[in-house]
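Visitor: Got a structure for you, my_file.cif, holding mmCIF, C-alpha atoms and all ligand atoms; chains and numbers go by the auth columns.
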```cif
data_my_file
loop_
_atom_site.group_PDB
_atom_site.id
_atom_site.type_symbol
_atom_site.label_atom_id
_atom_site.label_comp_id
_atom_site.label_asym_id
_atom_site.label_seq_id
_atom_site.Cartn_x
_atom_site.Cartn_y
_atom_site.Cartn_z
_atom_site.B_iso_or_equiv
_atom_site.auth_seq_id
_atom_site.auth_asym_id
ATOM 1 C CA MET A 1 0.000 0.000 0.000 0.00 1 A
ATOM 2 C CA ILE A 2 1.310 3.403 -0.933 0.00 2 A
ATOM 3 C CA LYS A 3 0.206 6.637 0.683 0.00 3 A
ATOM 4 C CA PHE A 4 1.318 10.203 0.134 0.00 4 A
ATOM 5 C CA TYR A 5 1.819 12.603 2.956 0.00 5 A
ATOM 6 C CA ARG A 6 2.960 16.149 3.147 0.00 6 A
ATOM 7 C CA CYS A 7 6.065 16.462 5.230 0.00 7 A
ATOM 8 C CA PHE A 8 5.633 18.916 8.095 0.00 8 A
ATOM 9 C CA TYR A 9 8.964 18.456 9.716 0.00 9 A
ATOM 10 C CA PRO A 10 12.111 18.949 7.663 0.00 10 A
ATOM 11 C CA ASP A 11 14.261 15.964 8.558 0.00 11 A
ATOM 12 C CA LYS A 12 17.833 14.883 8.518 0.00 12 A
ATOM 13 C CA ASP A 13 17.449 13.078 5.174 0.00 13 A
ATOM 14 C CA GLY A 14 16.988 16.421 3.489 0.00 14 A
ATOM 15 C CA VAL A 15 13.235 16.405 2.993 0.00 15 A
ATOM 16 C CA GLY A 16 11.924 19.953 3.195 0.00 16 A
ATOM 17 C CA LYS A 17 8.794 21.247 4.792 0.00 17 A
ATOM 18 C CA ASN A 18 5.645 20.730 2.673 0.00 18 A
ATOM 19 C CA GLN A 19 7.496 18.508 0.221 0.00 19 A
ATOM 20 C CA LYS A 20 5.390 15.541 -0.839 0.00 20 A
ATOM 21 C CA VAL A 21 6.740 12.325 0.548 0.00 21 A
ATOM 22 C CA GLN A 22 5.682 8.870 -0.471 0.00 22 A
ATOM 23 C CA TYR A 23 5.530 6.145 2.129 0.00 23 A
ATOM 24 C CA THR A 24 5.149 2.476 1.418 0.00 24 A
ATOM 25 C CA PHE A 25 3.300 0.607 4.137 0.00 25 A
ATOM 26 C CA VAL A 26 4.000 -3.054 4.363 0.00 26 A
ATOM 27 C CA TYR A 27 1.463 -3.855 6.998 0.00 27 A
ATOM 28 C CA GLU A 28 -0.967 -1.178 8.006 0.00 28 A
ATOM 29 C CA ASN A 29 -0.159 0.402 11.354 0.00 29 A
ATOM 30 C CA ILE A 30 2.498 -2.140 12.111 0.00 30 A
ATOM 31 C CA CYS A 31 5.972 -2.970 10.914 0.00 31 A
ATOM 32 C CA GLU A 32 8.401 -0.907 8.985 0.00 32 A
ATOM 33 C CA SER A 33 7.623 1.841 6.620 0.00 33 A
ATOM 34 C CA LYS A 34 9.940 2.963 3.893 0.00 34 A
ATOM 35 C CA ARG A 35 10.314 6.380 2.503 0.00 35 A
ATOM 36 C CA LEU A 36 10.758 6.918 -1.202 0.00 36 A
ATOM 37 C CA TYR A 37 11.295 10.325 -2.644 0.00 37 A
ATOM 38 C CA THR A 38 8.914 11.345 -5.384 0.00 38 A
ATOM 39 C CA ASP A 39 11.335 13.768 -6.984 0.00 39 A
ATOM 40 C CA ASN A 40 13.368 10.937 -8.445 0.00 40 A
ATOM 41 C CA ILE A 41 13.206 10.726 -12.217 0.00 41 A
ATOM 42 C CA LYS A 42 11.287 8.166 -14.327 0.00 42 A
ATOM 43 C CA GLY A 43 9.771 6.433 -11.344 0.00 43 A
ATOM 44 C CA MET A 44 13.167 5.385 -10.150 0.00 44 A
ATOM 45 C CA ALA A 45 13.857 5.782 -6.506 0.00 45 A
ATOM 46 C CA THR A 46 16.595 5.207 -4.035 0.00 46 A
ATOM 47 C CA GLY A 47 15.079 2.921 -1.479 0.00 47 A
ATOM 48 C CA LYS A 48 16.228 1.121 1.565 0.00 48 A
ATOM 49 C CA CYS A 49 15.568 -2.591 1.754 0.00 49 A
ATOM 50 C CA ILE A 50 12.966 -3.090 4.473 0.00 50 A
ATOM 51 C CA TYR A 51 14.645 -6.326 5.480 0.00 51 A
ATOM 52 C CA CYS A 52 18.400 -5.690 5.548 0.00 52 A
ATOM 53 C CA GLY A 53 18.411 -1.896 5.349 0.00 53 A
ATOM 54 C CA LYS A 54 20.736 -1.831 2.328 0.00 54 A
ATOM 55 C CA LYS A 55 20.223 1.087 -0.047 0.00 55 A
ATOM 56 C CA PHE A 56 19.362 0.286 -3.652 0.00 56 A
ATOM 57 C CA GLU A 57 17.935 1.851 -6.775 0.00 57 A
ATOM 58 C CA GLY A 58 14.842 0.534 -8.461 0.00 58 A
ATOM 59 C CA ARG A 59 11.186 1.093 -9.146 0.00 59 A
ATOM 60 C CA ALA A 60 9.502 3.395 -6.694 0.00 60 A
ATOM 61 C CA ASP A 61 7.422 0.563 -5.262 0.00 61 A
ATOM 62 C CA LYS A 62 10.326 -1.828 -4.778 0.00 62 A
ATOM 63 C CA LYS A 63 10.726 -2.828 -1.157 0.00 63 A
ATOM 64 C CA TYR A 64 13.541 -5.353 -1.117 0.00 64 A
ATOM 65 C CA CYS A 65 17.077 -5.276 -2.452 0.00 65 A
ATOM 66 C CA SER A 66 16.893 -8.947 -3.472 0.00 66 A
ATOM 67 C CA ASP A 67 14.658 -12.012 -3.674 0.00 67 A
ATOM 68 C CA ALA A 68 16.495 -13.439 -0.693 0.00 68 A
ATOM 69 C CA CYS A 69 15.458 -10.448 1.419 0.00 69 A
ATOM 70 C CA ARG A 70 11.871 -10.704 0.173 0.00 70 A
ATOM 71 C CA THR A 71 11.725 -14.365 1.238 0.00 71 A
ATOM 72 C CA SER A 72 13.390 -13.734 4.591 0.00 72 A
ATOM 73 C CA TYR A 73 11.066 -10.840 5.330 0.00 73 A
ATOM 74 C CA SER A 74 8.010 -12.911 4.501 0.00 74 A
ATOM 75 C CA ASN A 75 9.284 -15.807 6.644 0.00 75 A
ATOM 76 C CA ASP A 76 9.966 -13.505 9.588 0.00 76 A
ATOM 77 C CA LEU A 77 6.482 -12.060 9.303 0.00 77 A
ATOM 78 C CA LYS A 78 4.954 -15.531 9.281 0.00 78 A
ATOM 79 C CA THR A 79 7.029 -16.507 12.321 0.00 79 A
ATOM 80 C CA ARG A 80 5.886 -13.422 14.219 0.00 80 A
ATOM 81 C CA GLU A 81 2.256 -14.112 13.327 0.00 81 A
ATOM 82 C CA ASN A 82 2.539 -17.741 14.373 0.00 82 A
ATOM 83 C CA GLU A 83 4.126 -16.754 17.684 0.00 83 A
ATOM 84 C CA GLU A 84 1.290 -14.335 18.338 0.00 84 A
ATOM 85 C CA ILE A 85 -1.361 -16.932 17.495 0.00 85 A
ATOM 86 C CA ARG A 86 0.391 -19.545 19.617 0.00 86 A
ATOM 87 C CA SER A 87 0.585 -17.224 22.608 0.00 87 A
ATOM 88 C CA ILE A 88 -3.132 -16.389 22.389 0.00 88 A
ATOM 89 C CA ARG A 89 -4.015 -20.062 22.053 0.00 89 A
ATOM 90 C CA LEU A 90 -1.974 -20.877 25.165 0.00 90 A
ATOM 91 C CA SER A 91 -3.836 -18.195 27.153 0.00 91 A
ATOM 92 C CA LEU A 92 -7.204 -19.532 25.993 0.00 92 A
ATOM 93 C CA ARG A 93 -6.251 -23.089 26.820 0.00 93 A
ATOM 94 C CA LYS A 94 -5.003 -22.037 30.240 0.00 94 A
ATOM 95 C CA ASN A 95 -8.340 -20.304 30.961 0.00 95 A
ATOM 96 C CA ARG A 96 -10.290 -23.324 29.736 0.00 96 A
ATOM 97 C CA ASN A 97 -8.289 -25.656 31.993 0.00 97 A
ATOM 98 C CA ILE A 98 -8.821 -23.416 35.024 0.00 98 A
ATOM 99 C CA LEU A 99 -12.597 -23.419 34.414 0.00 99 A
ATOM 100 C CA LYS A 100 -12.584 -27.178 33.870 0.00 100 A
ATOM 101 C CA LYS A 101 -10.675 -27.751 37.097 0.00 101 A
ATOM 102 C CA LEU A 102 -12.925 -25.433 39.148 0.00 102 A
ATOM 103 C CA ILE A 103 -16.214 -26.871 37.897 0.00 103 A
ATOM 104 C CA GLY A 104 -15.109 -30.409 38.709 0.00 104 A
ATOM 105 C CA LYS A 105 -17.700 -33.013 37.826 0.00 105 A
ATOM 106 C CA LYS A 106 -20.659 -30.659 38.264 0.00 106 A
ATOM 107 C CA GLN A 107 -22.759 -29.070 35.524 0.00 107 A
ATOM 108 C CA ASP A 108 -22.238 -25.653 37.064 0.00 108 A
ATOM 109 C CA GLN A 109 -20.379 -24.167 39.982 0.00 109 A
ATOM 110 C CA ILE A 110 -20.324 -20.839 41.826 0.00 110 A
ATOM 111 C CA ILE A 111 -16.945 -19.574 42.936 0.00 111 A
ATOM 112 C CA PRO A 112 -15.481 -16.319 44.249 0.00 112 A
ATOM 113 C CA LYS A 113 -13.704 -14.095 41.740 0.00 113 A
ATOM 114 C CA GLU A 114 -10.486 -14.333 43.713 0.00 114 A
ATOM 115 C CA THR A 115 -10.347 -18.090 43.137 0.00 115 A
ATOM 116 C CA LEU A 116 -10.166 -17.400 39.406 0.00 116 A
ATOM 117 C CA GLU A 117 -7.547 -14.715 40.008 0.00 117 A
ATOM 118 C CA HIS A 118 -5.436 -16.969 42.256 0.00 118 A
ATOM 119 C CA ASN A 119 -5.425 -19.572 39.516 0.00 119 A
ATOM 120 C CA GLY A 120 -4.067 -17.006 37.061 0.00 120 A
ATOM 121 C CA PHE A 121 -7.240 -16.650 35.024 0.00 121 A
ATOM 122 C CA LEU A 122 -6.809 -14.156 32.158 0.00 122 A
ATOM 123 C CA PHE A 123 -10.075 -12.236 31.888 0.00 123 A
ATOM 124 C CA ASP A 124 -9.066 -10.589 28.590 0.00 124 A
ATOM 125 C CA TYR A 125 -8.956 -13.890 26.722 0.00 125 A
ATOM 126 C CA HIS A 126 -12.114 -15.671 25.615 0.00 126 A
ATOM 127 C CA THR A 127 -13.491 -17.300 22.471 0.00 127 A
ATOM 128 C CA HIS A 128 -17.154 -16.309 22.250 0.00 128 A
ATOM 129 C CA PHE A 129 -20.318 -15.364 24.121 0.00 129 A
ATOM 130 C CA PHE A 130 -23.342 -17.512 24.712 0.00 130 A
ATOM 131 C CA THR A 131 -26.819 -16.375 25.785 0.00 131 A
ATOM 132 C CA SER A 132 -28.839 -18.909 27.719 0.00 132 A
ATOM 133 C CA GLU A 133 -32.222 -19.689 26.179 0.00 133 A
ATOM 134 C CA LEU A 134 -34.531 -19.369 29.140 0.00 134 A
ATOM 135 C CA GLN A 135 -32.984 -16.679 31.305 0.00 135 A
ATOM 136 C CA LYS A 136 -31.070 -14.810 28.615 0.00 136 A
ATOM 137 C CA ASN A 137 -27.926 -14.678 30.696 0.00 137 A
ATOM 138 C CA VAL A 138 -24.773 -13.938 28.726 0.00 138 A
ATOM 139 C CA PHE A 139 -21.865 -16.241 29.439 0.00 139 A
ATOM 140 C CA THR A 140 -18.298 -15.647 28.324 0.00 140 A
ATOM 141 C CA PHE A 141 -16.701 -18.776 26.941 0.00 141 A
ATOM 142 C CA CYS A 142 -13.229 -20.229 26.629 0.00 142 A
ATOM 143 C CA TYR A 143 -13.964 -23.017 24.176 0.00 143 A
ATOM 144 C CA ASP A 144 -16.460 -25.335 25.920 0.00 144 A
ATOM 145 C CA TYR A 145 -16.468 -23.751 29.392 0.00 145 A
ATOM 146 C CA GLY A 146 -18.202 -20.486 30.198 0.00 146 A
ATOM 147 C CA TYR A 147 -18.563 -18.096 33.085 0.00 147 A
ATOM 148 C CA ARG A 148 -20.671 -15.160 34.158 0.00 148 A
ATOM 149 C CA GLU A 149 -20.344 -12.687 37.001 0.00 149 A
ATOM 150 C CA ILE A 150 -23.410 -13.056 39.207 0.00 150 A
ATOM 151 C CA GLY A 151 -22.691 -10.237 41.642 0.00 151 A
ATOM 152 C CA ASN A 152 -21.074 -10.133 45.048 0.00 152 A
ATOM 153 C CA LYS A 153 -17.713 -10.865 43.386 0.00 153 A
ATOM 154 C CA LYS A 154 -18.909 -14.339 42.514 0.00 154 A
ATOM 155 C CA PHE A 155 -18.851 -16.163 39.222 0.00 155 A
ATOM 156 C CA LYS A 156 -20.923 -18.986 37.855 0.00 156 A
ATOM 157 C CA ILE A 157 -19.073 -21.503 35.714 0.00 157 A
ATOM 158 C CA ILE A 158 -20.897 -23.746 33.252 0.00 158 A
ATOM 159 C CA ARG A 159 -20.160 -26.390 30.662 0.00 159 A
ATOM 160 C CA ARG A 160 -21.285 -25.875 27.085 0.00 160 A
ATOM 161 C CA TRP A 161 -23.464 -28.932 26.937 0.00 161 A
ATOM 162 C CA GLY A 162 -25.035 -28.634 30.345 0.00 162 A
ATOM 163 C CA ALA A 163 -28.629 -27.796 31.265 0.00 163 A
ATOM 164 C CA ASP A 164 -30.028 -24.363 30.519 0.00 164 A
ATOM 165 C CA HIS A 165 -28.780 -21.619 32.835 0.00 165 A
HETATM 166 ZN ZN ZN B . 17.966 -6.515 1.546 0.00 201 A
#
```
Show me this structure written as structure tokens.
Ligand SMILES: [Zn+2]
Guide:
Amino acid sequence: MIKFYRCFYPDKDGVGKNQKVQYTFVYENICESKRLYTDNIKGMATGKCIYCGKKFEGRADKKYCSDACRTSYSNDLKTRENEEIRSIRLSLRKNRNILKKLIGKKQDQIIPKETLEHNGFLFDYHTHFFTSELQKNVFTFCYDYGYREIGNKKFKIIRRWGADH
């Protein structure tokens, strides 16, 4: 993705105030951005490889100095994404196992909030919501185990395939 911005702050690379500057975004809001100067002739630009940082000349939209850098960059990105997904999955699984342990063999269980906290429950991580049919209570789920705050700093834990709550 390529976006144009007006430069408001003259910088050390010699870009003047109000000069149009072209940025290439690799991944919106995240990752590196590369600056290419639009005053280069015939669409040629001096760029910096977003992987190794080496300077090179090429088409204005070129991001890598070589195919090797393109491949390495793409692999690194995939690794980072996989690490992020793995870490979220571990948090969800941890929550699910805490709920499973606390409910025991029952269909539902009421426990104090601090019991969840002492077990290291991560309240920010959940998979979906479920509204019970009869009483329209909304439960927050981590896979097949759900919970709902019922007041007085207490939580009700349920199993997905239990009776209606
Ligand atoms: Zn490179």
Visitor: Apply the PyMOL selection byres (((not hetatm)) within 12 of (chain A and resi 201)) to the displayed file and report the matching residues as a list of chain:residue names.
Guide: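 Evaluating the PyMOL selection byres (((not hetatm)) within 12 of (chain A and resi 201)) on these coordinates yields A:Gly47, A:Lys48, A:Cys49, A:Ile50, A:Tyr51, A:Cys52, A:Gly53, A:Lys54, A:Lys55, A:Phe56, A:Glu57, A:Lys62, A:Lys63, A:Tyr64, A:Cys65, A:Ser66, A:Asp67, A:Ala68, A:Cys69, A:Arg70, A:Thr71, A:Ser72, A:Tyr73.
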Visitor: Could you state the separation of atom CA of A:His118 and atom CA of A:Asn152 in Å, given to one decimal place?
Guide: 17.3 Å
Visitor: Just give me the gap between atom CA of A:Tyr125 and atom CA of A:Ser87 in Å, one decimal is fine.
Guide: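 Separation between atom CA of A:Tyr125 and atom CA of A:Ser87: 10.9 Å.
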Visitor: Taking the file as I've supplied it (selection: the PyMOL selection byres (((chain A and resi 94) around 12) and not hetatm)), which residues are included? Please answer as a ChimeraX atom specification.
Guide: /A:87-93,95-101,116,119-123,125-126,142-143,145
Visitor: Please expand the PyMOL selection byres (((chain A and resi 138) around 12) and not hetatm) into the concrete residues it hits in this file, giving the result as a list in words.
Guide: His128, Phe129, Phe130, Thr131, Ser132, Glu133, Leu134, Gln135, Lys136, Asn137, Phe139, Thr140, Phe141, Gly146, Tyr147, Arg148, Glu149, Ile150, Lys156, Ile157, Ile158, Asp164 and His165 of chain A
Visitor: Enter the distance from atom CA of A:Ile85 to atom CA of A:Glu117, in Å, rounded to one decimal.
Guide: 23.5 Å
Visitor: Let me make sure I understand: among A:Lys154, A:Asp124, A:Glu81, A:Ala60, which one has the smallest atom-to-atom distance to A:Gln109 if we use all atoms listed in the file?
Guide: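 Smallest separation from A:Gln109 among the options: A:Lys154.
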Visitor: With distances taken over all atoms listed in the file, which residue among A:Thr46, A:Lys153, A:Thr127, A:Lys78 lies nearest A:Glu114?
Guide: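 When distances to A:Glu114 are compared using all atoms listed in the file, the smallest one comes from A:Lys153.
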Visitor: If I only have part of stretch 106-137 of chain A, can you fill in N, CA and C atoms and write it as a CSV table (one decimal), in the frame of the given file?
Guide:
```csv
chain,number,residue,atom,x,y,z
A,106,LYS,N,-19.3,-31.2,38.3
A,106,LYS,CA,-20.7,-30.7,38.3
A,106,LYS,C,-21.0,-30.1,36.9
A,107,GLN,N,-22.3,-29.7,36.7
A,107,GLN,CA,-22.8,-29.1,35.5
A,107,GLN,C,-22.5,-27.6,35.6
A,108,ASP,N,-22.6,-27.1,36.9
A,108,ASP,CA,-22.2,-25.7,37.1
A,108,ASP,C,-21.7,-25.5,38.5
A,109,GLN,N,-21.1,-24.4,38.7
A,109,GLN,CA,-20.4,-24.2,40.0
A,109,GLN,C,-20.3,-22.7,40.2
A,110,ILE,N,-20.5,-22.3,41.5
A,110,ILE,CA,-20.3,-20.8,41.8
A,110,ILE,C,-19.1,-20.7,42.7
A,111,ILE,N,-18.2,-19.8,42.2
A,111,ILE,CA,-16.9,-19.6,42.9
A,111,ILE,C,-16.7,-18.1,43.1
A,112,PRO,N,-15.9,-17.7,44.1
A,112,PRO,CA,-15.5,-16.3,44.2
A,112,PRO,C,-14.5,-15.9,43.1
A,113,LYS,N,-14.6,-14.6,42.8
A,113,LYS,CA,-13.7,-14.1,41.7
A,113,LYS,C,-12.2,-14.3,42.1
A,114,GLU,N,-11.9,-14.2,43.4
A,114,GLU,CA,-10.5,-14.3,43.7
A,114,GLU,C,-9.9,-15.7,43.5
A,115,THR,N,-10.8,-16.7,43.5
A,115,THR,CA,-10.3,-18.1,43.1
A,115,THR,C,-9.9,-18.1,41.7
A,116,LEU,N,-10.6,-17.5,40.8
A,116,LEU,CA,-10.2,-17.4,39.4
A,116,LEU,C,-8.8,-16.6,39.3
A,117,GLU,N,-8.8,-15.5,40.0
A,117,GLU,CA,-7.5,-14.7,40.0
A,117,GLU,C,-6.3,-15.5,40.6
A,118,HIS,N,-6.5,-16.2,41.7
A,118,HIS,CA,-5.4,-17.0,42.3
A,118,HIS,C,-4.9,-18.1,41.3
A,119,ASN,N,-5.8,-18.5,40.5
A,119,ASN,CA,-5.4,-19.6,39.5
A,119,ASN,C,-4.8,-19.0,38.3
A,120,GLY,N,-4.7,-17.7,38.2
A,120,GLY,CA,-4.1,-17.0,37.1
A,120,GLY,C,-5.0,-16.8,35.9
A,121,PHE,N,-6.3,-16.8,36.1
A,121,PHE,CA,-7.2,-16.6,35.0
A,121,PHE,C,-7.0,-15.3,34.3
A,122,LEU,N,-7.0,-15.4,33.0
A,122,LEU,CA,-6.8,-14.2,32.2
A,122,LEU,C,-8.1,-13.7,31.6
A,123,PHE,N,-8.7,-12.7,32.2
A,123,PHE,CA,-10.1,-12.2,31.9
A,123,PHE,C,-10.2,-11.6,30.5
A,124,ASP,N,-9.0,-11.2,29.9
A,124,ASP,CA,-9.1,-10.6,28.6
A,124,ASP,C,-9.2,-11.6,27.5
A,125,TYR,N,-9.0,-12.9,27.8
A,125,TYR,CA,-9.0,-13.9,26.7
A,125,TYR,C,-10.2,-14.8,26.8
A,126,HIS,N,-10.9,-14.8,25.7
A,126,HIS,CA,-12.1,-15.7,25.6
A,126,HIS,C,-12.4,-15.9,24.1
A,127,THR,N,-13.2,-16.9,23.9
A,127,THR,CA,-13.5,-17.3,22.5
A,127,THR,C,-14.8,-16.8,21.9
A,128,HIS,N,-15.9,-16.8,22.7
A,128,HIS,CA,-17.2,-16.3,22.2
A,128,HIS,C,-18.1,-16.1,23.4
A,129,PHE,N,-19.3,-15.6,23.1
A,129,PHE,CA,-20.3,-15.4,24.1
A,129,PHE,C,-21.5,-16.3,23.8
A,130,PHE,N,-22.2,-16.6,24.9
A,130,PHE,CA,-23.3,-17.5,24.7
A,130,PHE,C,-24.5,-17.0,25.6
A,131,THR,N,-25.7,-16.8,25.0
A,131,THR,CA,-26.8,-16.4,25.8
A,131,THR,C,-27.7,-17.6,26.1
A,132,SER,N,-28.0,-17.8,27.3
A,132,SER,CA,-28.8,-18.9,27.7
A,132,SER,C,-30.3,-18.7,27.2
A,133,GLU,N,-30.9,-19.8,26.8
A,133,GLU,CA,-32.2,-19.7,26.2
A,133,GLU,C,-33.3,-19.2,27.1
A,134,LEU,N,-33.4,-19.7,28.3
A,134,LEU,CA,-34.5,-19.4,29.1
A,134,LEU,C,-34.3,-18.0,29.8
A,135,GLN,N,-33.2,-17.9,30.5
A,135,GLN,CA,-33.0,-16.7,31.3
A,135,GLN,C,-32.2,-15.6,30.6
A,136,LYS,N,-31.8,-15.8,29.4
A,136,LYS,CA,-31.1,-14.8,28.6
A,136,LYS,C,-29.8,-14.3,29.3
A,137,ASN,N,-29.2,-15.1,30.1
A,137,ASN,CA,-27.9,-14.7,30.7
A,137,ASN,C,-26.8,-14.8,29.7
```
